[in-house]
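A.B. asks: This is target.cif, which holds mmCIF, C-alpha atoms, pLDDT in the B column; chains and numbers go by the auth columns:
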```cif
data_start
#
loop_
_atom_site.group_PDB
_atom_site.id
_atom_site.type_symbol
_atom_site.label_atom_id
_atom_site.label_comp_id
_atom_site.label_asym_id
_atom_site.label_seq_id
_atom_site.Cartn_x
_atom_site.Cartn_y
_atom_site.Cartn_z
_atom_site.B_iso_or_equiv
_atom_site.auth_seq_id
_atom_site.auth_asym_id
ATOM 1 C CA MET A 1 2.755 15.979 -8.224 73.00 1 I
ATOM 2 C CA LYS A 2 1.785 16.246 -4.555 79.00 2 I
ATOM 3 C CA LYS A 3 -1.402 14.289 -5.195 80.00 3 I
ATOM 4 C CA TYR A 4 0.600 11.296 -6.418 84.00 4 I
ATOM 5 C CA ILE A 5 2.741 11.285 -3.282 88.00 5 I
ATOM 6 C CA PHE A 6 -0.368 10.982 -1.099 87.00 6 I
ATOM 7 C CA ALA A 7 -1.736 8.277 -3.397 87.00 7 I
ATOM 8 C CA LEU A 8 1.541 6.315 -3.272 92.00 8 I
ATOM 9 C CA MET A 9 1.796 6.435 0.512 95.00 9 I
ATOM 10 C CA PRO A 10 -0.381 3.316 1.119 96.00 10 I
ATOM 11 C CA ILE A 11 1.712 1.387 -1.420 96.00 11 I
ATOM 12 C CA ILE A 12 4.905 2.362 0.378 96.00 12 I
ATOM 13 C CA LEU A 13 3.388 1.368 3.731 97.00 13 I
ATOM 14 C CA GLY A 14 2.217 -1.968 2.272 97.00 14 I
ATOM 15 C CA VAL A 15 5.680 -2.799 0.977 97.00 15 I
ATOM 16 C CA LEU A 16 7.126 -1.716 4.313 97.00 16 I
ATOM 17 C CA SER A 17 4.813 -4.074 6.193 96.00 17 I
ATOM 18 C CA PHE A 18 5.985 -6.986 4.021 96.00 18 I
ATOM 19 C CA LEU A 19 9.606 -6.035 4.655 97.00 19 I
ATOM 20 C CA ILE A 20 9.023 -5.859 8.399 96.00 20 I
ATOM 21 C CA PHE A 21 7.374 -9.289 8.270 95.00 21 I
ATOM 22 C CA MET A 22 10.383 -10.757 6.464 94.00 22 I
ATOM 23 C CA VAL A 23 12.952 -9.085 8.732 95.00 23 I
ATOM 24 C CA LYS A 24 11.212 -9.950 11.987 93.00 24 I
ATOM 25 C CA GLY A 25 10.664 -13.531 10.934 88.00 25 I
ATOM 26 C CA SER A 26 9.080 -16.206 13.044 89.00 26 I
ATOM 27 C CA ASN A 27 10.249 -18.426 15.851 91.00 27 I
ATOM 28 C CA VAL A 28 8.993 -21.338 17.894 93.00 28 I
ATOM 29 C CA ALA A 29 8.278 -20.678 21.550 92.00 29 I
ATOM 30 C CA PRO A 30 9.487 -23.139 24.197 94.00 30 I
ATOM 31 C CA ASP A 31 5.948 -24.557 24.472 94.00 31 I
ATOM 32 C CA GLY A 32 5.911 -25.319 20.727 91.00 32 I
ATOM 33 C CA THR A 33 3.694 -22.534 19.465 92.00 33 I
ATOM 34 C CA LEU A 34 4.674 -20.547 16.419 91.00 34 I
ATOM 35 C CA GLU A 35 5.194 -16.837 17.016 91.00 35 I
ATOM 36 C CA GLU A 36 5.033 -14.672 13.916 92.00 36 I
ATOM 37 C CA PRO A 37 3.683 -11.231 13.021 91.00 37 I
ATOM 38 C CA PHE A 38 0.966 -12.676 10.779 92.00 38 I
ATOM 39 C CA PHE A 39 -1.184 -9.525 10.946 94.00 39 I
ATOM 40 C CA LEU A 40 1.343 -7.755 8.698 95.00 40 I
ATOM 41 C CA ILE A 41 0.464 -9.909 5.670 95.00 41 I
ATOM 42 C CA PRO A 42 -3.224 -8.979 5.286 96.00 42 I
ATOM 43 C CA THR A 43 -2.416 -5.421 6.339 97.00 43 I
ATOM 44 C CA GLY A 44 0.181 -5.210 3.569 97.00 44 I
ATOM 45 C CA PHE A 45 -2.211 -6.552 0.945 98.00 45 I
ATOM 46 C CA LEU A 46 -4.945 -4.174 2.074 97.00 46 I
ATOM 47 C CA LEU A 47 -2.618 -1.179 1.908 97.00 47 I
ATOM 48 C CA LEU A 48 -1.394 -2.215 -1.549 97.00 48 I
ATOM 49 C CA LEU A 49 -4.967 -2.517 -2.791 97.00 49 I
ATOM 50 C CA ILE A 50 -5.945 0.862 -1.353 96.00 50 I
ATOM 51 C CA GLY A 51 -2.809 2.418 -2.837 96.00 51 I
ATOM 52 C CA PHE A 52 -3.411 1.068 -6.325 96.00 52 I
ATOM 53 C CA ILE A 53 -7.030 2.210 -6.228 96.00 53 I
ATOM 54 C CA CYS A 54 -5.906 5.688 -5.146 94.00 54 I
ATOM 55 C CA VAL A 55 -3.255 5.921 -7.874 93.00 55 I
ATOM 56 C CA VAL A 56 -5.705 4.831 -10.561 94.00 56 I
ATOM 57 C CA GLY A 57 -8.314 7.262 -9.240 94.00 57 I
ATOM 58 C CA VAL A 58 -5.891 10.191 -9.200 93.00 58 I
ATOM 59 C CA ALA A 59 -4.638 9.325 -12.683 91.00 59 I
ATOM 60 C CA LEU A 60 -8.173 9.080 -14.077 93.00 60 I
ATOM 61 C CA LYS A 61 -9.134 12.359 -12.436 91.00 61 I
ATOM 62 C CA SER A 62 -6.075 14.011 -13.953 88.00 62 I
ATOM 63 C CA VAL A 63 -6.835 12.647 -17.434 90.00 63 I
ATOM 64 C CA ILE A 64 -10.481 13.730 -17.226 90.00 64 I
ATOM 65 C CA LYS A 65 -9.459 17.200 -16.090 86.00 65 I
ATOM 66 C CA LYS A 66 -6.996 17.512 -19.010 83.00 66 I
ATOM 67 C CA THR A 67 -9.600 16.482 -21.570 85.00 67 I
ATOM 68 C CA GLN A 68 -12.062 19.038 -20.222 82.00 68 I
ATOM 69 C CA TYR A 69 -9.537 21.847 -20.760 70.00 69 I
ATOM 70 C CA VAL A 70 -9.013 20.832 -24.388 65.00 70 I
ATOM 71 C CA LYS A 71 -12.672 21.356 -25.299 58.00 71 I
#
```
For the structure just supplied, provide its representation as C-alpha cells.

C.D. replies:
Amino acid sequence: MKKYIFALMPIILGVLSFLIFMVKGSNVAPDGTLEEPFFLIPTGFLLLLIGFICVVGVALKSVIKKTQYVK
C-alpha cells in the first residue's frame, strides 16, 4: 500500500497547484499588466501526467508480480 501513496503524491501535488492557482487568482497592476501565477498550470498538468504514469506503472508491476506467483 505504501507504493501507491508514493505514486499518488504527484497527483495530489498537481491538484494542489490547480487549487492554489484558483485561490490566488489574478489581478491587473496599476500599469495595466496582468499578474497571475501562470506557471502553476503547466506544473499541475506535468505533475498529473507523472502521477498517472507512476500509478499505472505500479499497478502493472503489481499485476505482473501476482501472475508470476501463480505459476

A.B. asks: Expand the PyMOL selection byres ((chain I and resi 17) around 8) into the individual residues it matches in the shown file, reporting them as a ChimeraX atom specification.

C.D. replies: /I:13-16,18-21,40-41,43-44

A.B. asks: Give the padded box for region 8-25 of chain I as AutoDock Vina command-line options: axis-aligned, covering all atoms listed in the file, 5 Å on each side, centre and edge lengths in Å to one decimal.

C.D. replies:
```
--center_x 6.3 --center_y -3.5 --center_z 4.4 --size_x 23.3 --size_y 30.0 --size_z 25.3
```

A.B. asks: CA of Ile12 (chain I) and CA of Lys24 (chain I) are how many Å apart?

C.D. replies: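 Result for CA of Ile12 (chain I) versus CA of Lys24 (chain I): 18.1 Å, one decimal.
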
A.B. asks: Expand the PyMOL selection byres ((chain I and resi 11) around 8) into the explicit residue set it covers here, and present it as an mmCIF file with C-alpha atoms, keeping the file's coordinate frame.

C.D. replies:
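The new file expr36.cif reads:
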```cif
data_model
loop_
_atom_site.group_PDB
_atom_site.id
_atom_site.type_symbol
_atom_site.label_atom_id
_atom_site.label_comp_id
_atom_site.auth_asym_id
_atom_site.auth_seq_id
_atom_site.Cartn_x
_atom_site.Cartn_y
_atom_site.Cartn_z
ATOM 1 C CA ALA I 7 -1.736 8.277 -3.397
ATOM 2 C CA LEU I 8 1.541 6.315 -3.272
ATOM 3 C CA MET I 9 1.796 6.435 0.512
ATOM 4 C CA PRO I 10 -0.381 3.316 1.119
ATOM 5 C CA ILE I 12 4.905 2.362 0.378
ATOM 6 C CA LEU I 13 3.388 1.368 3.731
ATOM 7 C CA GLY I 14 2.217 -1.968 2.272
ATOM 8 C CA VAL I 15 5.680 -2.799 0.977
ATOM 9 C CA LEU I 47 -2.618 -1.179 1.908
ATOM 10 C CA LEU I 48 -1.394 -2.215 -1.549
ATOM 11 C CA LEU I 49 -4.967 -2.517 -2.791
ATOM 12 C CA ILE I 50 -5.945 0.862 -1.353
ATOM 13 C CA GLY I 51 -2.809 2.418 -2.837
ATOM 14 C CA PHE I 52 -3.411 1.068 -6.325
#
```

A.B. asks: List the residues matched by the PyMOL selection byres ((chain I and resi 58) around 12) in the displayed structure as a list in words, ordered by chain and then by residue number.

C.D. replies: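 Selection result, ordered by chain and number: Met1, Lys2, Lys3, Tyr4, Ile5, Phe6, Ala7, Leu8, Gly51, Phe52, Ile53, Cys54, Val55, Val56, Gly57, Ala59, Leu60, Lys61, Ser62, Val63, Ile64 and Lys65 of chain I.
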
A.B. asks: Kindly save the residues from that selection, with C-alpha atoms included, as a CSV table (one decimal), keeping the file's coordinate frame.

C.D. replies:
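For reference, selection-v1.csv as written:
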```csv
chain,number,residue,atom,x,y,z
I,1,MET,CA,2.8,16.0,-8.2
I,2,LYS,CA,1.8,16.2,-4.6
I,3,LYS,CA,-1.4,14.3,-5.2
I,4,TYR,CA,0.6,11.3,-6.4
I,5,ILE,CA,2.7,11.3,-3.3
I,6,PHE,CA,-0.4,11.0,-1.1
I,7,ALA,CA,-1.7,8.3,-3.4
I,8,LEU,CA,1.5,6.3,-3.3
I,51,GLY,CA,-2.8,2.4,-2.8
I,52,PHE,CA,-3.4,1.1,-6.3
I,53,ILE,CA,-7.0,2.2,-6.2
I,54,CYS,CA,-5.9,5.7,-5.1
I,55,VAL,CA,-3.3,5.9,-7.9
I,56,VAL,CA,-5.7,4.8,-10.6
I,57,GLY,CA,-8.3,7.3,-9.2
I,59,ALA,CA,-4.6,9.3,-12.7
I,60,LEU,CA,-8.2,9.1,-14.1
I,61,LYS,CA,-9.1,12.4,-12.4
I,62,SER,CA,-6.1,14.0,-14.0
I,63,VAL,CA,-6.8,12.6,-17.4
I,64,ILE,CA,-10.5,13.7,-17.2
I,65,LYS,CA,-9.5,17.2,-16.1
```

A.B. asks: Please, what distance in Å, to one decimal, runs between CA of Val28 (chain I) and CA of Leu46 (chain I)?

C.D. replies: 27.2 Å

A.B. asks: As an exercise, work out the distance from CA of Phe45 (chain I) to CA of Thr33 (chain I) in Å and give it to one decimal place.

C.D. replies: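 For CA of Phe45 (chain I) relative to CA of Thr33 (chain I), the distance reads 25.2 Å.
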